[in-house]
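Notes follow the structure.
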Amino acid sequence: MFTITVAKGVSVWNENNPMAPASPTPPKTFGQKLRNVGPGFVTAATGVGTGDLIAALVAGSGFGMMLGWAIILGSIIKYFLTEGVGRWHLATGKTILQGWHSLGRWATGYFGVYSIIWGVLYGAAAGSTSALMMRSMFPIMPLWAWAIIHLLAGFALIWTGKYMLFEKVMLVFIGIMFVTVVGTAVILLPDIGNIVRGIVIPKMDAGSFLLVMGLIGGVGGTITMASYGYWLQEKKWKGKAWVSMMRVDNSVAYIMTAIFTLSLMVIGAEFLHSSNIQINGEEGLITLSGMLGEEFNGVISWMFMLGAWSAAFSSLLGVWNGVPYLFADFIRTIRKKGQSEDKPVSEKDPAYRFYLVWLTFPPMLLLFFDEPVGLVLIQGALGALLMPFLAITLIWLLNSKRVEPDYRNGWITNGVLGISILLFGALMVNELINLF
């Protein structure tokens with residue numbers, strides 16, 4: 001039995017109590033809201049994978065803290081994207097898939113084709129990156145065996161668990177990521193003045209343009225930002241009264257994400273800057289872990305690698321729970337017959353479970369090609385295709401009559417989303433060039 005205990009004056013929802021209210025009362029004070037955060041952390045943590053770790057470390061090793069502002073900008077952009085998904089859901093009572101479908105069948109079809117191709121590639125890439133981290137700590141099995149174990153572990157948790165169990169597990173991993181990586185950065189005794197200057201004074205050096213775009217585009221951003229509305233639904237956050245709570249949830253999550261990613265940049269700047277050591281790919285994280293162990297002790301090495309593994313595996317779990325909602329909603333939307341669009345999709349839907357199987361078992365065949373880095377590159381290129389689509393459709397939907405005037409985009413939101421389209425478009429072109 002899972003119970004959400006919230007601040008005094010806020011109702012308590014028990015998912016196993018049939019007499020419980022259908023929806024809890026939105027918290028009123030800022031302190032109450034802080035005690036209720038959750039879905040935003042899940043969304044942001046799912047988007048922070050090993051690719052983001054590598055990008056921040058490379059930026060720090062090559063340019064010190066000069067590019068810290070790019071991490072802040074990336075976090076702001078991801079906040080506005082996720083807030084837009086949440087505001088659409090709470091202000092209209094509709095899912096993002098229903099919103100896309102209202103724009104035309106092309107939008108729904110785009111997601112359907114994308115999800116099938118992306119799912120099998122992501123499954124193999126996520127399993128491989130989690131396995132790389134685990135094998136470095138426990139080199140007792142080959143990479144493919146560790147990958148299969150991670151895929152099956154994610155499958156078992158999501159197949160048998162409820163959202164609240166999933167959220168609690170994710171919060172544990174988030175805590176591990178934050179403590180280990182931020183703790184490692186603190187141990188290196190960084191220059192606070194350099195950090196502040198890198199954040200408040202935007203600078204770019206020769207050869208840093210693509211790295212800047214990668215930092216902006218990669219801070220906590222994946223397809224699971226579109227899953228945010230379903231996680232709000234699972235928390236029983238329904239209606240316009242929850243918009244304020246949703247914004248606090250998102251704000252806290254992306255502030256923590258920015259601190260986490262800046263800490264990685266600090267590690268690169270303090271430990272690797274001015275050296276000739278290059279961090280390339282997931283294997284570079286293992287190399288860095290060994291170097292930390294040689295410089296300090298084995299505890300620091302393990303601490304960093306545990307944080308990297310938590311980032312990789314939490315991303316896998318977030319996708320395993322979140323993207324099947326989107327696919328189940330896609331199936332419901334195109335079939336229509338026999339199902340009401342007012343009935344929310346759930347973890348018990350056959351389409352949800354089909355996609356969970358699709359993420360888990362077909363990717364196992366790709367693992368035997370023994371090309372984890374290649375799988376990550378292909379999956380990354382496909383991931384870049386969705387972000388411009390999400391930004392464009394949020395501008396379209398949230399400026400339309402589908403949303404009441406009080407909940408439409410303001411000029412700041414439209415400006416940030418417009419900038420994100422340009423940035424994500426450039427990233428998409430760059431990823432496709434690297435792929436081919």
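FYI, nothing fancy with the structure tokens labels: chains A, B, ... in order, residues from 1 per chain, ligands from 1 as they appear.
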(request) Show which residues sit within 8 Å of Lys203 of chain A, as a PyMOL selection string. Count only C-alpha atoms, and ignore same-chain residues fewer than 4 positions away. (result) chain A and resi 66-67+198
Mind dumping the selected residues with N, CA and C atoms as a PDB file, in the first residue's frame?
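See out.pdb below for the written result:
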```pdb
ATOM      1  N   MET A  66      34.064  28.310 -18.589  1.00  0.00           N
ATOM      2  CA  MET A  66      33.618  29.351 -19.512  1.00  0.00           C
ATOM      3  C   MET A  66      32.210  29.113 -20.046  1.00  0.00           C
ATOM      4  N   LEU A  67      31.841  27.845 -20.250  1.00  0.00           N
ATOM      5  CA  LEU A  67      30.563  27.528 -20.889  1.00  0.00           C
ATOM      6  C   LEU A  67      29.469  27.188 -19.887  1.00  0.00           C
ATOM      7  N   GLY A 198      31.537  32.031 -15.255  1.00  0.00           N
ATOM      8  CA  GLY A 198      31.109  31.192 -16.371  1.00  0.00           C
ATOM      9  C   GLY A 198      29.612  31.179 -16.558  1.00  0.00           C
TER      10      GLY A 198
END
```
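Every protein or nucleic acid residue with an atom no more than 12 Å from Met303 of chain A, counting only C-alpha atoms and leaving out same-chain residues fewer than 3 positions away, appears here: Met133, Met137, Ile176, Met177, Phe178, Val179, Thr180, Val181, Val182, Gly183, Thr184, Ala185, Ile187, Ile286, Leu288, Ser289, Gly290, Leu292, Gly293, Phe296, Asn297, Gly298, Val299, Ile300, Leu306, Gly307, Ala308, Trp309 and Ser310 of chain A.
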(request) Would you kindly return, as a PyMOL selection string, each protein, DNA or RNA residue with an atom no farther than 12 Å from any atom of Met256 of chain A, considering only C-alpha atoms and excluding same-chain residues fewer than 4 positions away? (result) chain A and resi 40-42+44-45+48+71-72+75-76+79+174-175+177-179+181-182+219-220+249-252+260-263
Those selected residues, please, written with N, CA and C atoms and delivered as a JSON list (two decimals), in the first residue's frame.
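out-v4.json was written with the following content:
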```json
[["chain", "number", "residue", "atom", "x", "y", "z"],
["A", 40, "GLY", "N", 8.43, 16.26, -11.98],
["A", 40, "GLY", "CA", 9.45, 17.06, -12.65],
["A", 40, "GLY", "C", 10.83, 16.44, -12.49],
["A", 41, "PHE", "N", 11.11, 15.94, -11.28],
["A", 41, "PHE", "CA", 12.39, 15.26, -11.05],
["A", 41, "PHE", "C", 12.52, 14.03, -11.93],
["A", 42, "VAL", "N", 11.43, 13.28, -12.05],
["A", 42, "VAL", "CA", 11.45, 12.08, -12.89],
["A", 42, "VAL", "C", 11.75, 12.46, -14.34],
["A", 44, "ALA", "N", 13.21, 15.29, -15.56],
["A", 44, "ALA", "CA", 14.55, 15.84, -15.73],
["A", 44, "ALA", "C", 15.62, 14.76, -15.59],
["A", 45, "ALA", "N", 15.47, 13.87, -14.60],
["A", 45, "ALA", "CA", 16.47, 12.82, -14.38],
["A", 45, "ALA", "C", 16.52, 11.84, -15.53],
["A", 48, "VAL", "N", 18.79, 13.15, -18.18],
["A", 48, "VAL", "CA", 20.21, 13.28, -17.91],
["A", 48, "VAL", "C", 20.86, 11.90, -17.98],
["A", 71, "ILE", "N", 24.80, 25.64, -19.79],
["A", 71, "ILE", "CA", 24.05, 24.70, -18.97],
["A", 71, "ILE", "C", 22.82, 25.39, -18.38],
["A", 72, "ILE", "N", 23.00, 26.62, -17.91],
["A", 72, "ILE", "CA", 21.86, 27.38, -17.35],
["A", 72, "ILE", "C", 20.81, 27.63, -18.43],
["A", 75, "SER", "N", 18.91, 24.45, -19.20],
["A", 75, "SER", "CA", 17.95, 24.13, -18.15],
["A", 75, "SER", "C", 16.70, 25.00, -18.27],
["A", 76, "ILE", "N", 16.89, 26.27, -18.60],
["A", 76, "ILE", "CA", 15.73, 27.17, -18.78],
["A", 76, "ILE", "C", 14.87, 26.72, -19.94],
["A", 79, "TYR", "N", 12.94, 23.68, -18.99],
["A", 79, "TYR", "CA", 11.85, 24.04, -18.10],
["A", 79, "TYR", "C", 10.63, 24.49, -18.91],
["A", 174, "ILE", "N", 18.13, 9.58, -8.13],
["A", 174, "ILE", "CA", 18.43, 11.01, -8.24],
["A", 174, "ILE", "C", 19.29, 11.45, -7.06],
["A", 175, "GLY", "N", 18.93, 10.96, -5.87],
["A", 175, "GLY", "CA", 19.73, 11.29, -4.69],
["A", 175, "GLY", "C", 21.16, 10.78, -4.80],
["A", 177, "MET", "N", 22.82, 10.16, -7.65],
["A", 177, "MET", "CA", 23.49, 10.97, -8.66],
["A", 177, "MET", "C", 23.95, 12.30, -8.08],
["A", 178, "PHE", "N", 23.06, 12.95, -7.37],
["A", 178, "PHE", "CA", 23.35, 14.29, -6.88],
["A", 178, "PHE", "C", 24.47, 14.25, -5.83],
["A", 179, "VAL", "N", 24.35, 13.34, -4.86],
["A", 179, "VAL", "CA", 25.33, 13.29, -3.78],
["A", 179, "VAL", "C", 26.71, 12.90, -4.31],
["A", 181, "VAL", "N", 28.05, 12.96, -7.53],
["A", 181, "VAL", "CA", 28.68, 13.86, -8.49],
["A", 181, "VAL", "C", 28.97, 15.22, -7.86],
["A", 182, "VAL", "N", 28.00, 15.80, -7.16],
["A", 182, "VAL", "CA", 28.24, 17.09, -6.50],
["A", 182, "VAL", "C", 29.31, 16.91, -5.42],
["A", 219, "VAL", "N", 20.68, 19.02, -21.64],
["A", 219, "VAL", "CA", 20.47, 19.08, -20.19],
["A", 219, "VAL", "C", 19.05, 18.62, -19.86],
["A", 220, "GLY", "N", 18.91, 17.34, -19.56],
["A", 220, "GLY", "CA", 17.62, 16.84, -19.10],
["A", 220, "GLY", "C", 16.54, 16.85, -20.15],
["A", 249, "ASP", "N", 7.22, 22.31, -9.22],
["A", 249, "ASP", "CA", 7.78, 20.98, -9.46],
["A", 249, "ASP", "C", 8.85, 21.02, -10.55],
["A", 250, "ASN", "N", 8.55, 21.70, -11.63],
["A", 250, "ASN", "CA", 9.50, 21.82, -12.74],
["A", 250, "ASN", "C", 10.70, 22.68, -12.37],
["A", 251, "SER", "N", 10.44, 23.79, -11.70],
["A", 251, "SER", "CA", 11.52, 24.72, -11.37],
["A", 251, "SER", "C", 12.57, 24.04, -10.48],
["A", 252, "VAL", "N", 12.11, 23.39, -9.43],
["A", 252, "VAL", "CA", 13.04, 22.73, -8.51],
["A", 252, "VAL", "C", 13.82, 21.65, -9.24],
["A", 260, "PHE", "N", 23.68, 19.76, -10.86],
["A", 260, "PHE", "CA", 24.31, 18.47, -11.14],
["A", 260, "PHE", "C", 25.24, 18.57, -12.35],
["A", 261, "THR", "N", 24.74, 19.18, -13.43],
["A", 261, "THR", "CA", 25.54, 19.26, -14.66],
["A", 261, "THR", "C", 26.71, 20.23, -14.50],
["A", 262, "LEU", "N", 26.49, 21.33, -13.78],
["A", 262, "LEU", "CA", 27.61, 22.24, -13.49],
["A", 262, "LEU", "C", 28.69, 21.53, -12.66],
["A", 263, "SER", "N", 28.28, 20.64, -11.77],
["A", 263, "SER", "CA", 29.25, 19.89, -10.98],
["A", 263, "SER", "C", 30.11, 19.01, -11.88]]
```
(request) as a VMD selection string, please: all residues of segment 6-193 of chain A that backbone DSSP puts in helix (DSSP H, G or I). (result) chain A and resid 30 to 34 39 to 47 50 to 63 68 to 92 96 to 103 105 to 137 143 to 160 163 to 187 192 to 193
(request) For atom CA of Lys162 of chain A and atom CA of Glu347 of chain A, quote the distance in Å rounded to one decimal. (result) 7.9 Å
(request) Go through A:Ala258, A:Ile421, A:Thr108, A:Ala312 and flag the residue nearest Arg335 of chain A, using only C-alpha atoms for the distances. (result)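 Ranking A:Ala258, A:Ile421, A:Thr108, A:Ala312 by distance to Arg335 of chain A, first place goes to A:Thr108.
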(message) For a test of reading the model, state the distance in Å between atom CA of Arg35 of chain A and atom CA of Gln233 of chain A, rounded to one decimal.
(response)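 Atom-to-atom, atom CA of Arg35 of chain A and atom CA of Gln233 of chain A are spaced 18.0 Å apart.
Distances here use only C-alpha atoms; by that measure, the residue among A:Lys78, A:Arg87, A:Lys28, A:Arg408 closest to Gly239 of chain A is A:Arg87.
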(message) For a test of reading the model, state the distance in Å between atom CA of Ile192 of chain A and atom CA of Phe209 of chain A, rounded to one decimal.
(response)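 Value for the atom CA of Ile192 of chain A-atom CA of Phe209 of chain A distance: 24.5 Å.
Restricting the calculation to only C-alpha atoms, the smallest distance between Ile419 of chain A and any of A:Lys168, A:Ala311, A:Ile216, A:Thr360 is found for A:Ile216.
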(message) Can you pull out the residues contacting Phe361 of chain A? Cut-off 10 Å, using only C-alpha atoms, and skip same-chain residues under 5 positions away; I want them as a VMD selection string.
(response) chain A and resid 120 123 to 124 148 151 to 152 155 356 366
(request) Name the residues in contact with Leu90 of chain A at a cut-off of 9 Å, using only C-alpha atoms, excluding same-chain residues fewer than 6 positions from it; report them as a ChimeraX atom specification. (result) /A:229,232,237-243,246
(request) Give the answer as one residue: which of A:Phe173, A:His101, A:Phe389, A:Leu215 has the shortest atom-to-atom distance to Met265 of chain A, using only C-alpha atoms? (result)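 Among the listed residues, A:Leu215 lies closest to Met265 of chain A.
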(request) Extract, using only C-alpha atoms, all DNA, RNA and protein residues at most 12 Å from Trp100 of chain A, discarding same-chain residues fewer than 5 positions from it, and format them as a list in words. (result) Val85, Trp88, Lys94, Thr95, Arg105, Trp106, Ala107, Thr108, Gly109, Tyr110, Phe111, Gly112, Ala226, Leu326, Asp329, Phe330, Thr333, Ile334, Phe389, Leu390, Ala391, Ile392, Thr393, Leu394, Ile395, Trp396, Leu397, Leu398 and Arg402 of chain A
(request) May I ask which of the residues A:His150, A:Lys33, A:Lys235, A:Lys336 is the closest one to Phe166 of chain A, counting only C-alpha atoms? (result) A:Lys235
(message) Under the rule that only C-alpha atoms are counted, which of A:Phe271, A:Tyr325, A:Trp358, A:Trp231 is the nearest residue to Tyr122 of chain A?
(response)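 Closest residue, counting only C-alpha atoms: A:Trp358.
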